[in-house]
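Reviewing the structure listed below.
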Amino acid sequence: LLLAFYFASYNILVIKMKKKFWLFLFLLILCGVLVLIFIKFDFVKKDDNDTIVNHTYYDNSKSSIVMDVTTKRVLYQNNIHERMLPASTTKILTCITAIEHYQLDDFVVINSDVLKTEGSSIYLEVGDVISIKDLLYGLMLCSGNDAANALALHYSGNMQDFIFLMNETAKKIGMYDSTFENPHGLDTTTKNYTTTYDMALLMSYAMKNETFKTITSTKDYHPTIISGKKMYYHNKHRLIQSNEKVTGGKTGYTKNAKRTLVTSFKQEDFEIVVVTFNCSDDWNVHEGLANYCFDKYKQKRILSKFDVLFYASFDQSYLIENEKLLVPIRESETINYKIYEDDEGIRIVYFINKEEVGDVIFRSIKDE
């Protein structure tokens, strides 16, 4: 190709014969070279050991993370501890907080305070009577800000009481770099701050709840609320609609936060969460990061149920699930572990070169 390029250039510049033919040949060869460069181009990153690795995904986000749902091991990271605006991904926390404190078949009567927030909505009206369950679907699928307000006000009539519960839930999960001032994620008057790391912890926690998992994975939902109005909810998360590996997620956007996105993927027993903040091409970035991590890491069991139960006290009974004994490992890695029993249950902590990379807890059946 280079020789052809040279001779073509030579003939154009020196011989000056058949100019149109040589110009066409020059452009054809140039296009061929560019196509080959594009096909062969690999984005260069460093792995955890500062070794250069080549891969075919790209990441144009300001902050991003891939986390294993079970062990919370971070499989990929980019600026994961910077506090940023989460936009409507806030509603993941609103949803799981409501699920843990409300009965799904409770009803809410909509008043004017619910409708004071701008932005996306499920078009509630004053006087509508709607169940908590239908509000949760509207919250997650349509990103309804009115649904978020209705859920928050239902707790005590004072939205600040529910926001307090949201922050308590965040602390319980381990979201220590997060603060929330509203249930919807808008940031014109009040602002929520979190990190992609904290948001990955949140989604990993929420996906263990069967009600949340069912809601977030639903593509379409068409309830008729108690006041007689027919509602139509279509999940805004494009990958839930199109990618069979996607098990849930939440979109978000404000002018200040830019595009934010949370997506959970599952391949056999391997479930991961991808989070990006301020990412203009988030759909492609999420699929690329998920495929890369599914290829790079494999689930492996490095200890048995007997190994875990050996550390159990005689006055406690534990249910040891097989899936919790799996840990994502790269082919070249050797993972060590420590097992001990504490107030929360039996804890397995995984290490690579003495650095903690993840953990899992088996709780006592008596606590369930």
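We name chains A, B, ... following the order of the structure tokens; residues begin at 1 in each chain, and ligands are numbered from 1 as shown.
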
Skip Lys116 (chain A) itself and residues of its chain fewer than 2 positions away, then list as a PDB file with N, CA, C and O atoms, in the first residue's frame all residues within 12 Å of it, counting only C-alpha atoms.
```pdb
ATOM      1  N   ILE A 110     -52.935  11.661  45.199  1.00  0.00           N
ATOM      2  CA  ILE A 110     -52.046  12.693  44.653  1.00  0.00           C
ATOM      3  C   ILE A 110     -52.583  14.084  44.989  1.00  0.00           C
ATOM      4  O   ILE A 110     -53.751  14.397  44.739  1.00  0.00           O
ATOM      5  N   ASN A 111     -51.709  14.914  45.570  1.00  0.00           N
ATOM      6  CA  ASN A 111     -52.071  16.311  45.837  1.00  0.00           C
ATOM      7  C   ASN A 111     -51.167  17.237  45.031  1.00  0.00           C
ATOM      8  O   ASN A 111     -50.278  16.794  44.299  1.00  0.00           O
ATOM      9  N   SER A 112     -51.370  18.523  45.166  1.00  0.00           N
ATOM     10  CA  SER A 112     -50.651  19.499  44.336  1.00  0.00           C
ATOM     11  C   SER A 112     -49.157  19.531  44.624  1.00  0.00           C
ATOM     12  O   SER A 112     -48.353  19.894  43.740  1.00  0.00           O
ATOM     13  N   ASP A 113     -48.735  19.149  45.828  1.00  0.00           N
ATOM     14  CA  ASP A 113     -47.309  19.154  46.159  1.00  0.00           C
ATOM     15  C   ASP A 113     -46.525  18.156  45.304  1.00  0.00           C
ATOM     16  O   ASP A 113     -45.341  18.361  45.022  1.00  0.00           O
ATOM     17  N   VAL A 114     -47.195  17.094  44.891  1.00  0.00           N
ATOM     18  CA  VAL A 114     -46.541  16.065  44.075  1.00  0.00           C
ATOM     19  C   VAL A 114     -46.149  16.617  42.705  1.00  0.00           C
ATOM     20  O   VAL A 114     -45.148  16.208  42.121  1.00  0.00           O
ATOM     21  N   GLU A 118     -40.510  19.909  37.867  1.00  0.00           N
ATOM     22  CA  GLU A 118     -40.467  19.911  36.411  1.00  0.00           C
ATOM     23  C   GLU A 118     -39.858  18.605  35.902  1.00  0.00           C
ATOM     24  O   GLU A 118     -39.466  17.731  36.666  1.00  0.00           O
ATOM     25  N   GLY A 119     -39.754  18.498  34.589  1.00  0.00           N
ATOM     26  CA  GLY A 119     -39.052  17.371  33.983  1.00  0.00           C
ATOM     27  C   GLY A 119     -39.952  16.184  33.697  1.00  0.00           C
ATOM     28  O   GLY A 119     -41.178  16.299  33.606  1.00  0.00           O
ATOM     29  N   SER A 120     -39.345  15.014  33.532  1.00  0.00           N
ATOM     30  CA  SER A 120     -40.068  13.811  33.128  1.00  0.00           C
ATOM     31  C   SER A 120     -41.107  13.427  34.174  1.00  0.00           C
ATOM     32  O   SER A 120     -40.911  13.630  35.372  1.00  0.00           O
ATOM     33  N   SER A 121     -42.236  12.870  33.709  1.00  0.00           N
ATOM     34  CA  SER A 121     -43.320  12.535  34.622  1.00  0.00           C
ATOM     35  C   SER A 121     -44.128  11.374  34.076  1.00  0.00           C
ATOM     36  O   SER A 121     -43.968  10.966  32.919  1.00  0.00           O
ATOM     37  N   TYR A 123     -47.408  11.798  34.404  1.00  0.00           N
ATOM     38  CA  TYR A 123     -48.614  12.591  34.162  1.00  0.00           C
ATOM     39  C   TYR A 123     -49.712  12.310  35.190  1.00  0.00           C
ATOM     40  O   TYR A 123     -50.877  12.099  34.842  1.00  0.00           O
ATOM     41  N   LEU A 124     -49.308  12.336  36.454  1.00  0.00           N
ATOM     42  CA  LEU A 124     -50.280  12.249  37.524  1.00  0.00           C
ATOM     43  C   LEU A 124     -51.052  13.559  37.623  1.00  0.00           C
ATOM     44  O   LEU A 124     -50.550  14.628  37.244  1.00  0.00           O
ATOM     45  N   GLU A 125     -52.267  13.480  38.148  1.00  0.00           N
ATOM     46  CA  GLU A 125     -53.114  14.647  38.334  1.00  0.00           C
ATOM     47  C   GLU A 125     -53.630  14.668  39.764  1.00  0.00           C
ATOM     48  O   GLU A 125     -53.735  13.620  40.418  1.00  0.00           O
ATOM     49  N   VAL A 126     -53.943  15.857  40.245  1.00  0.00           N
ATOM     50  CA  VAL A 126     -54.488  16.000  41.597  1.00  0.00           C
ATOM     51  C   VAL A 126     -55.760  15.161  41.718  1.00  0.00           C
ATOM     52  O   VAL A 126     -56.643  15.223  40.855  1.00  0.00           O
ATOM     53  N   ASN A 145     -40.628  12.138  37.780  1.00  0.00           N
ATOM     54  CA  ASN A 145     -40.316  12.980  38.938  1.00  0.00           C
ATOM     55  C   ASN A 145     -41.531  13.137  39.849  1.00  0.00           C
ATOM     56  O   ASN A 145     -41.394  13.268  41.073  1.00  0.00           O
ATOM     57  N   ASP A 146     -42.723  13.115  39.243  1.00  0.00           N
ATOM     58  CA  ASP A 146     -43.933  13.168  40.058  1.00  0.00           C
ATOM     59  C   ASP A 146     -44.088  11.889  40.876  1.00  0.00           C
ATOM     60  O   ASP A 146     -44.521  11.927  42.039  1.00  0.00           O
ATOM     61  N   ALA A 147     -43.705  10.757  40.307  1.00  0.00           N
ATOM     62  CA  ALA A 147     -43.744   9.498  41.052  1.00  0.00           C
ATOM     63  C   ALA A 147     -42.761   9.540  42.219  1.00  0.00           C
ATOM     64  O   ALA A 147     -43.062   9.058  43.319  1.00  0.00           O
ATOM     65  N   ALA A 148     -41.576  10.114  41.998  1.00  0.00           N
ATOM     66  CA  ALA A 148     -40.584  10.234  43.068  1.00  0.00           C
ATOM     67  C   ALA A 148     -41.120  11.089  44.213  1.00  0.00           C
ATOM     68  O   ALA A 148     -40.974  10.743  45.394  1.00  0.00           O
ATOM     69  N   ASN A 149     -41.744  12.204  43.880  1.00  0.00           N
ATOM     70  CA  ASN A 149     -42.316  13.081  44.906  1.00  0.00           C
ATOM     71  C   ASN A 149     -43.430  12.375  45.674  1.00  0.00           C
ATOM     72  O   ASN A 149     -43.524  12.492  46.901  1.00  0.00           O
ATOM     73  N   ALA A 150     -44.289  11.663  44.946  1.00  0.00           N
ATOM     74  CA  ALA A 150     -45.406  10.969  45.589  1.00  0.00           C
ATOM     75  C   ALA A 150     -44.900   9.920  46.572  1.00  0.00           C
ATOM     76  O   ALA A 150     -45.441   9.785  47.681  1.00  0.00           O
TER      77      ALA A 150
END
```

Residues within 9 Å of Pro86 (chain A), only C-alpha atoms, excluding chain neighbours under 4 positions, as an MDAnalysis selection string: chainID A and resid 90 185:186 192:196 199 252:254 257:261 277

Give me, as a Markdown table, the closest atom pair and its distance (Å, one decimal) for every residue of region 157-276 of chain A within a cut-off of 8 Å of region 281-292 of chain A, counting only C-alpha atoms, rows sorted by chain and rising number.
```
| residue | atom | partner | partner_atom | distance |
| --- | --- | --- | --- | --- |
| A:Arg238 | CA | A:Trp283 | CA | 7.6 |
| A:Leu239 | CA | A:Trp283 | CA | 7.1 |
| A:Arg259 | CA | A:Asp282 | CA | 7.6 |
| A:Thr260 | CA | A:Asp282 | CA | 7.8 |
| A:Leu261 | CA | A:Asp282 | CA | 6.9 |
| A:Thr263 | CA | A:His286 | CA | 7.3 |
| A:Phe265 | CA | A:Ala290 | CA | 7.0 |
| A:Ile272 | CA | A:Ala290 | CA | 7.6 |
| A:Val274 | CA | A:His286 | CA | 6.2 |
| A:Val275 | CA | A:His286 | CA | 7.7 |
| A:Thr276 | CA | A:Asp282 | CA | 6.9 |
```

Region 295-308 of chain A environment, 9 Å, only C-alpha atoms, sequence neighbours closer than 6 positions dropped, as a PyMOL selection string: chain A and resi 75+269-270+320-323+325-331+335-337+339-340+346-348

Proximity to Thr89 (chain A) - best of A:Glu244, A:Glu271, A:Asp343, A:Asp198, only C-alpha atoms: A:Asp198

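Comparing A:Tyr137, A:Tyr197, A:Tyr232, A:Tyr221 by their smallest distance to Arg73 (chain A), the closest is A:Tyr197 (using only C-alpha atoms).
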
Test item: residues at most 9 Å from Ile226 (chain A), only C-alpha atoms, excluding those fewer than 4 positions along its chain, as a list in words: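 The filter keeps Phe107, Asp128, Val129, Ile130 and Ser131 of chain A.
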
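Compared by their closest atoms to Thr251 (chain A), and using only C-alpha atoms, the residues A:Cys279, A:Ile122, A:Ala98, A:Ile29 rank with A:Cys279 nearest.
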